[in-house]
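Notes follow the structure.
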Amino acid sequence: MFLKFLMVLMLIAVNATSFANDQWAEVKLSIQPIVRSFDGQIEAIKQATVSSQASGRVAEIHYDIDDYVSAGSVLIEFTNTEQKQAVKVAQANLELAKATQKEAMANFKRIKSTFDRKLISQSDFDLALSKKNTASAAVKAQQATLEIAITQLDYTLVKAPFDGIVTIRHIEKGETVDVGMPVMSGLSLDQLRVITYVPESLIGHINQNFSVQITLPNKQVIESSALTLFPYADKQTRTFQLRVNLPEQTPGLFPGMSTEVSFNVGTEEIIIIPESAIVRRGELTLVYIKHENKKIPRQIVTGKVMNQFTEVLSGLNQGELIATNPLDMITSWQPKRP
């Protein structure tokens, strides 16, 4: 392998001659950001499991897995005959209390007028006042009873807490449930975020850089500054959880998808050269440098590619001149036959 490498270099060097119309570029240091990237996963900001607030039997299931529901929609109905009757009784008692209050207030008005003219005793006035106050208190009590009955009836209807899709249905129609039993789970696709974990050595850089880039599975890049960095590290991995909120209603994203989260942690000086200046011959990566009035090939080691430029890790020094388009002048070499 070494002999093959040496022979290729010798053959290229033999063909290195002077050219009057060549284009040269000076090798310079370029300040580039240091970017660190980490794997991330998309999750829903709004996700919940709703539970039963009443005991009973499942009468109706209005939505199933993968159905879209609006906030406040009735997901599940329990049997509620007793609760409906309790509401009707409370409403009737409230109407009766209001009628009694109306009569007591009218009677008090008459008694007060008579009392003001000193035609009745103080005890008669006090009795009328007491009946009015008692009737008013009874109305408030019956109103509270009605509200409790309505609440108990409402507990038989499981409603969606937000707009989203159903992910899990925990019960079947006809099944008996108790208070606190989970009945349905769901999440919202309108508000998503990315979860990633970063080492403790980079926490200071994240605090100073309030913007990150998120590369989605479809190669789309989104920039976000809505960051939440957990104030404690995992004891085992010594990493901090970082949450990055995505723009609302970003299409084509679903919880569980993988992403790449990138952010700047500083800058560095590196050598980058145009991609057109690089010549690749098998396993060799070469550039042509200007030496006196000739082009001389030199092997280099390259790094990351940035647009139309490539990082050079070794093989070039600042201030040297390289041919920017060496392929334009290199012709195929054929050995002379004896």
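In the structure tokens, chains take the letters A, B, ... in the order shown, each chain's residues start at 1, and ligands count up from 1 in the order shown.
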
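Neighbours of Ala138 (chain A) closer than or equal to 10 Å, with only C-alpha atoms counted and sequence neighbours fewer than 2 positions away skipped, come out as Asn93, Leu94, Leu96, Ala97, Lys98, Thr100, Gln101, Lys132, Asn133, Thr134, Ala135, Ser136, Lys140, Ala141, Gln142, Gln143 and Ala144 of chain A.
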
Restrict the selected residues to N, CA and C atoms and save them as a PDB file, in the first residue's frame.
ATOM      1  N   ASN A  93     -87.264  21.850  44.698  1.00  0.00           N
ATOM      2  CA  ASN A  93     -87.097  22.415  46.037  1.00  0.00           C
ATOM      3  C   ASN A  93     -86.656  23.873  45.972  1.00  0.00           C
ATOM      4  N   LEU A  94     -85.839  24.204  44.960  1.00  0.00           N
ATOM      5  CA  LEU A  94     -85.416  25.586  44.816  1.00  0.00           C
ATOM      6  C   LEU A  94     -86.593  26.483  44.442  1.00  0.00           C
ATOM      7  N   LEU A  96     -89.699  25.967  45.200  1.00  0.00           N
ATOM      8  CA  LEU A  96     -90.525  26.086  46.404  1.00  0.00           C
ATOM      9  C   LEU A  96     -89.918  27.081  47.387  1.00  0.00           C
ATOM     10  N   ALA A  97     -88.622  27.032  47.535  1.00  0.00           N
ATOM     11  CA  ALA A  97     -87.953  27.963  48.448  1.00  0.00           C
ATOM     12  C   ALA A  97     -88.084  29.401  47.955  1.00  0.00           C
ATOM     13  N   LYS A  98     -87.999  29.587  46.647  1.00  0.00           N
ATOM     14  CA  LYS A  98     -88.147  30.938  46.103  1.00  0.00           C
ATOM     15  C   LYS A  98     -89.577  31.461  46.319  1.00  0.00           C
ATOM     16  N   THR A 100     -91.590  30.586  48.777  1.00  0.00           N
ATOM     17  CA  THR A 100     -91.696  30.899  50.201  1.00  0.00           C
ATOM     18  C   THR A 100     -90.993  32.210  50.515  1.00  0.00           C
ATOM     19  N   GLN A 101     -89.845  32.436  49.888  1.00  0.00           N
ATOM     20  CA  GLN A 101     -89.115  33.687  50.103  1.00  0.00           C
ATOM     21  C   GLN A 101     -89.927  34.879  49.612  1.00  0.00           C
ATOM     22  N   LYS A 132     -88.451  36.233  56.924  1.00  0.00           N
ATOM     23  CA  LYS A 132     -87.845  36.700  55.656  1.00  0.00           C
ATOM     24  C   LYS A 132     -86.409  36.202  55.541  1.00  0.00           C
ATOM     25  N   ASN A 133     -85.643  36.348  56.599  1.00  0.00           N
ATOM     26  CA  ASN A 133     -84.246  35.912  56.568  1.00  0.00           C
ATOM     27  C   ASN A 133     -84.143  34.400  56.415  1.00  0.00           C
ATOM     28  N   THR A 134     -85.033  33.668  57.096  1.00  0.00           N
ATOM     29  CA  THR A 134     -85.022  32.211  56.987  1.00  0.00           C
ATOM     30  C   THR A 134     -85.358  31.770  55.570  1.00  0.00           C
ATOM     31  N   ALA A 135     -86.310  32.439  54.941  1.00  0.00           N
ATOM     32  CA  ALA A 135     -86.680  32.105  53.567  1.00  0.00           C
ATOM     33  C   ALA A 135     -85.539  32.390  52.607  1.00  0.00           C
ATOM     34  N   SER A 136     -84.845  33.501  52.829  1.00  0.00           N
ATOM     35  CA  SER A 136     -83.694  33.836  51.967  1.00  0.00           C
ATOM     36  C   SER A 136     -82.581  32.804  52.131  1.00  0.00           C
ATOM     37  N   LYS A 140     -80.782  30.043  49.319  1.00  0.00           N
ATOM     38  CA  LYS A 140     -79.347  29.839  49.108  1.00  0.00           C
ATOM     39  C   LYS A 140     -78.978  28.367  49.313  1.00  0.00           C
ATOM     40  N   ALA A 141     -79.580  27.747  50.318  1.00  0.00           N
ATOM     41  CA  ALA A 141     -79.273  26.343  50.582  1.00  0.00           C
ATOM     42  C   ALA A 141     -79.747  25.463  49.439  1.00  0.00           C
ATOM     43  N   GLN A 142     -80.937  25.719  48.934  1.00  0.00           N
ATOM     44  CA  GLN A 142     -81.460  24.919  47.825  1.00  0.00           C
ATOM     45  C   GLN A 142     -80.677  25.174  46.542  1.00  0.00           C
ATOM     46  N   GLN A 143     -80.182  26.405  46.371  1.00  0.00           N
ATOM     47  CA  GLN A 143     -79.351  26.711  45.202  1.00  0.00           C
ATOM     48  C   GLN A 143     -78.052  25.904  45.261  1.00  0.00           C
ATOM     49  N   ALA A 144     -77.460  25.822  46.454  1.00  0.00           N
ATOM     50  CA  ALA A 144     -76.236  25.032  46.618  1.00  0.00           C
ATOM     51  C   ALA A 144     -76.511  23.546  46.379  1.00  0.00           C
TER      52      ALA A 144
END

### Message
Quick check for you: according to DSSP on this backbone, which residues of region 54-297 of chain A are classed as alpha helix (DSSP H)? Reply as a PyMOL selection string.
### Response
chain A and resi 81-116+122-154+203-208

For the residues in that selection, give me C-alpha atoms as an mmCIF file, in the first residue's frame.
data_model
loop_
_atom_site.group_PDB
_atom_site.id
_atom_site.type_symbol
_atom_site.label_atom_id
_atom_site.label_comp_id
_atom_site.auth_asym_id
_atom_site.auth_seq_id
_atom_site.Cartn_x
_atom_site.Cartn_y
_atom_site.Cartn_z
ATOM 1 C CA THR A 81 -80.681 8.073 36.051
ATOM 2 C CA GLU A 82 -80.260 8.762 39.762
ATOM 3 C CA GLN A 83 -78.214 11.903 39.126
ATOM 4 C CA LYS A 84 -80.843 13.297 36.749
ATOM 5 C CA GLN A 85 -83.595 12.652 39.308
ATOM 6 C CA ALA A 86 -81.546 14.382 41.974
ATOM 7 C CA VAL A 87 -81.282 17.454 39.744
ATOM 8 C CA LYS A 88 -85.039 17.525 39.182
ATOM 9 C CA VAL A 89 -85.729 17.254 42.926
ATOM 10 C CA ALA A 90 -83.229 20.023 43.679
ATOM 11 C CA GLN A 91 -84.803 22.271 41.034
ATOM 12 C CA ALA A 92 -88.294 21.701 42.504
ATOM 13 C CA ASN A 93 -87.097 22.415 46.037
ATOM 14 C CA LEU A 94 -85.416 25.586 44.816
ATOM 15 C CA GLU A 95 -88.613 26.811 43.182
ATOM 16 C CA LEU A 96 -90.525 26.086 46.404
ATOM 17 C CA ALA A 97 -87.953 27.963 48.448
ATOM 18 C CA LYS A 98 -88.147 30.938 46.103
ATOM 19 C CA ALA A 99 -91.951 31.004 46.416
ATOM 20 C CA THR A 100 -91.696 30.899 50.201
ATOM 21 C CA GLN A 101 -89.115 33.687 50.103
ATOM 22 C CA LYS A 102 -91.353 35.812 47.909
ATOM 23 C CA GLU A 103 -94.269 35.393 50.309
ATOM 24 C CA ALA A 104 -92.121 36.110 53.353
ATOM 25 C CA MET A 105 -90.684 39.279 51.812
ATOM 26 C CA ALA A 106 -94.154 40.543 50.867
ATOM 27 C CA ASN A 107 -95.406 39.828 54.387
ATOM 28 C CA PHE A 108 -92.384 41.577 55.887
ATOM 29 C CA LYS A 109 -93.018 44.624 53.742
ATOM 30 C CA ARG A 110 -96.589 44.869 55.078
ATOM 31 C CA ILE A 111 -95.507 44.276 58.685
ATOM 32 C CA LYS A 112 -92.793 46.910 58.431
ATOM 33 C CA SER A 113 -95.249 49.476 57.105
ATOM 34 C CA THR A 114 -97.610 48.729 59.996
ATOM 35 C CA PHE A 115 -94.728 48.732 62.484
ATOM 36 C CA ASP A 116 -93.538 52.133 61.250
ATOM 37 C CA GLN A 122 -91.824 44.817 68.206
ATOM 38 C CA SER A 123 -92.211 41.065 68.558
ATOM 39 C CA ASP A 124 -94.488 40.869 65.529
ATOM 40 C CA PHE A 125 -91.961 42.833 63.487
ATOM 41 C CA ASP A 126 -89.088 40.632 64.646
ATOM 42 C CA LEU A 127 -91.033 37.503 63.733
ATOM 43 C CA ALA A 128 -91.692 38.761 60.201
ATOM 44 C CA LEU A 129 -88.022 39.709 59.800
ATOM 45 C CA SER A 130 -86.934 36.287 60.997
ATOM 46 C CA LYS A 131 -89.224 34.549 58.499
ATOM 47 C CA LYS A 132 -87.845 36.700 55.656
ATOM 48 C CA ASN A 133 -84.246 35.912 56.568
ATOM 49 C CA THR A 134 -85.022 32.211 56.987
ATOM 50 C CA ALA A 135 -86.680 32.105 53.567
ATOM 51 C CA SER A 136 -83.694 33.836 51.967
ATOM 52 C CA ALA A 137 -81.304 31.378 53.611
ATOM 53 C CA ALA A 138 -83.430 28.462 52.407
ATOM 54 C CA VAL A 139 -83.146 29.735 48.816
ATOM 55 C CA LYS A 140 -79.347 29.839 49.108
ATOM 56 C CA ALA A 141 -79.273 26.343 50.582
ATOM 57 C CA GLN A 142 -81.460 24.919 47.825
ATOM 58 C CA GLN A 143 -79.351 26.711 45.202
ATOM 59 C CA ALA A 144 -76.236 25.032 46.618
ATOM 60 C CA THR A 145 -78.017 21.669 46.642
ATOM 61 C CA LEU A 146 -78.942 22.127 42.982
ATOM 62 C CA GLU A 147 -75.372 22.996 42.072
ATOM 63 C CA ILE A 148 -74.114 19.859 43.825
ATOM 64 C CA ALA A 149 -76.685 17.742 41.974
ATOM 65 C CA ILE A 150 -75.669 19.297 38.639
ATOM 66 C CA THR A 151 -72.005 18.626 39.434
ATOM 67 C CA GLN A 152 -72.740 14.995 40.258
ATOM 68 C CA LEU A 153 -74.614 14.685 36.970
ATOM 69 C CA ASP A 154 -71.721 16.310 35.122
ATOM 70 C CA ILE A 203 -24.552 23.778 30.759
ATOM 71 C CA GLY A 204 -22.791 27.150 30.893
ATOM 72 C CA HIS A 205 -22.792 27.409 27.101
ATOM 73 C CA ILE A 206 -26.501 26.628 26.890
ATOM 74 C CA ASN A 207 -27.321 29.363 29.391
ATOM 75 C CA GLN A 208 -25.488 31.863 27.222
#

Could the residues of region 25-133 of chain A that have an atom at most 7 Å from region 306-323 of chain A be listed as JSON lines, each with its closest atom pair and the distance in Å to one decimal, counting only C-alpha atoms and ordered by chain and ascending residue number?
{"residue": "A:Ala25", "atom": "CA", "partner": "A:Ile322", "partner_atom": "CA", "distance": 5.4}
{"residue": "A:Glu26", "atom": "CA", "partner": "A:Leu321", "partner_atom": "CA", "distance": 4.5}
{"residue": "A:Val27", "atom": "CA", "partner": "A:Gln318", "partner_atom": "CA", "distance": 5.1}
{"residue": "A:Lys28", "atom": "CA", "partner": "A:Gln318", "partner_atom": "CA", "distance": 5.2}
{"residue": "A:Leu29", "atom": "CA", "partner": "A:Gln318", "partner_atom": "CA", "distance": 6.7}

### Query
Quick one: residues within 6 Å of Thr259 (chain A), only C-alpha atoms counted, chain neighbours fewer than 3 positions away excluded, as a ChimeraX atom specification?
/A:39-41,215-216

Go ahead and write the selection's residues with N, CA and C atoms as a PDB file, in the first residue's frame.
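Listed below is the output, out_7.pdb:
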ATOM      1  N   ASP A  39     -28.981  13.766  20.113  1.00  0.00           N
ATOM      2  CA  ASP A  39     -30.234  13.138  19.703  1.00  0.00           C
ATOM      3  C   ASP A  39     -31.373  13.627  20.593  1.00  0.00           C
ATOM      4  N   GLY A  40     -32.531  13.832  19.982  1.00  0.00           N
ATOM      5  CA  GLY A  40     -33.709  14.264  20.721  1.00  0.00           C
ATOM      6  C   GLY A  40     -34.922  13.474  20.294  1.00  0.00           C
ATOM      7  N   GLN A  41     -35.973  13.612  21.062  1.00  0.00           N
ATOM      8  CA  GLN A  41     -37.222  12.920  20.754  1.00  0.00           C
ATOM      9  C   GLN A  41     -38.392  13.876  20.961  1.00  0.00           C
ATOM     10  N   THR A 215     -33.111  19.652  13.828  1.00  0.00           N
ATOM     11  CA  THR A 215     -33.205  19.012  12.519  1.00  0.00           C
ATOM     12  C   THR A 215     -34.235  17.894  12.610  1.00  0.00           C
ATOM     13  N   LEU A 216     -35.311  18.048  11.844  1.00  0.00           N
ATOM     14  CA  LEU A 216     -36.419  17.109  11.895  1.00  0.00           C
ATOM     15  C   LEU A 216     -36.135  15.898  11.008  1.00  0.00           C
TER      16      LEU A 216
END

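Here CA of Ala233 (chain A) is placed at a distance of 23.3 Å from CA of Leu246 (chain A).
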
### Query
A:Gln220, A:Arg193, A:Ser276, A:Ser211: which is nearest Tyr288 (chain A), counting only C-alpha atoms?
A:Ser276
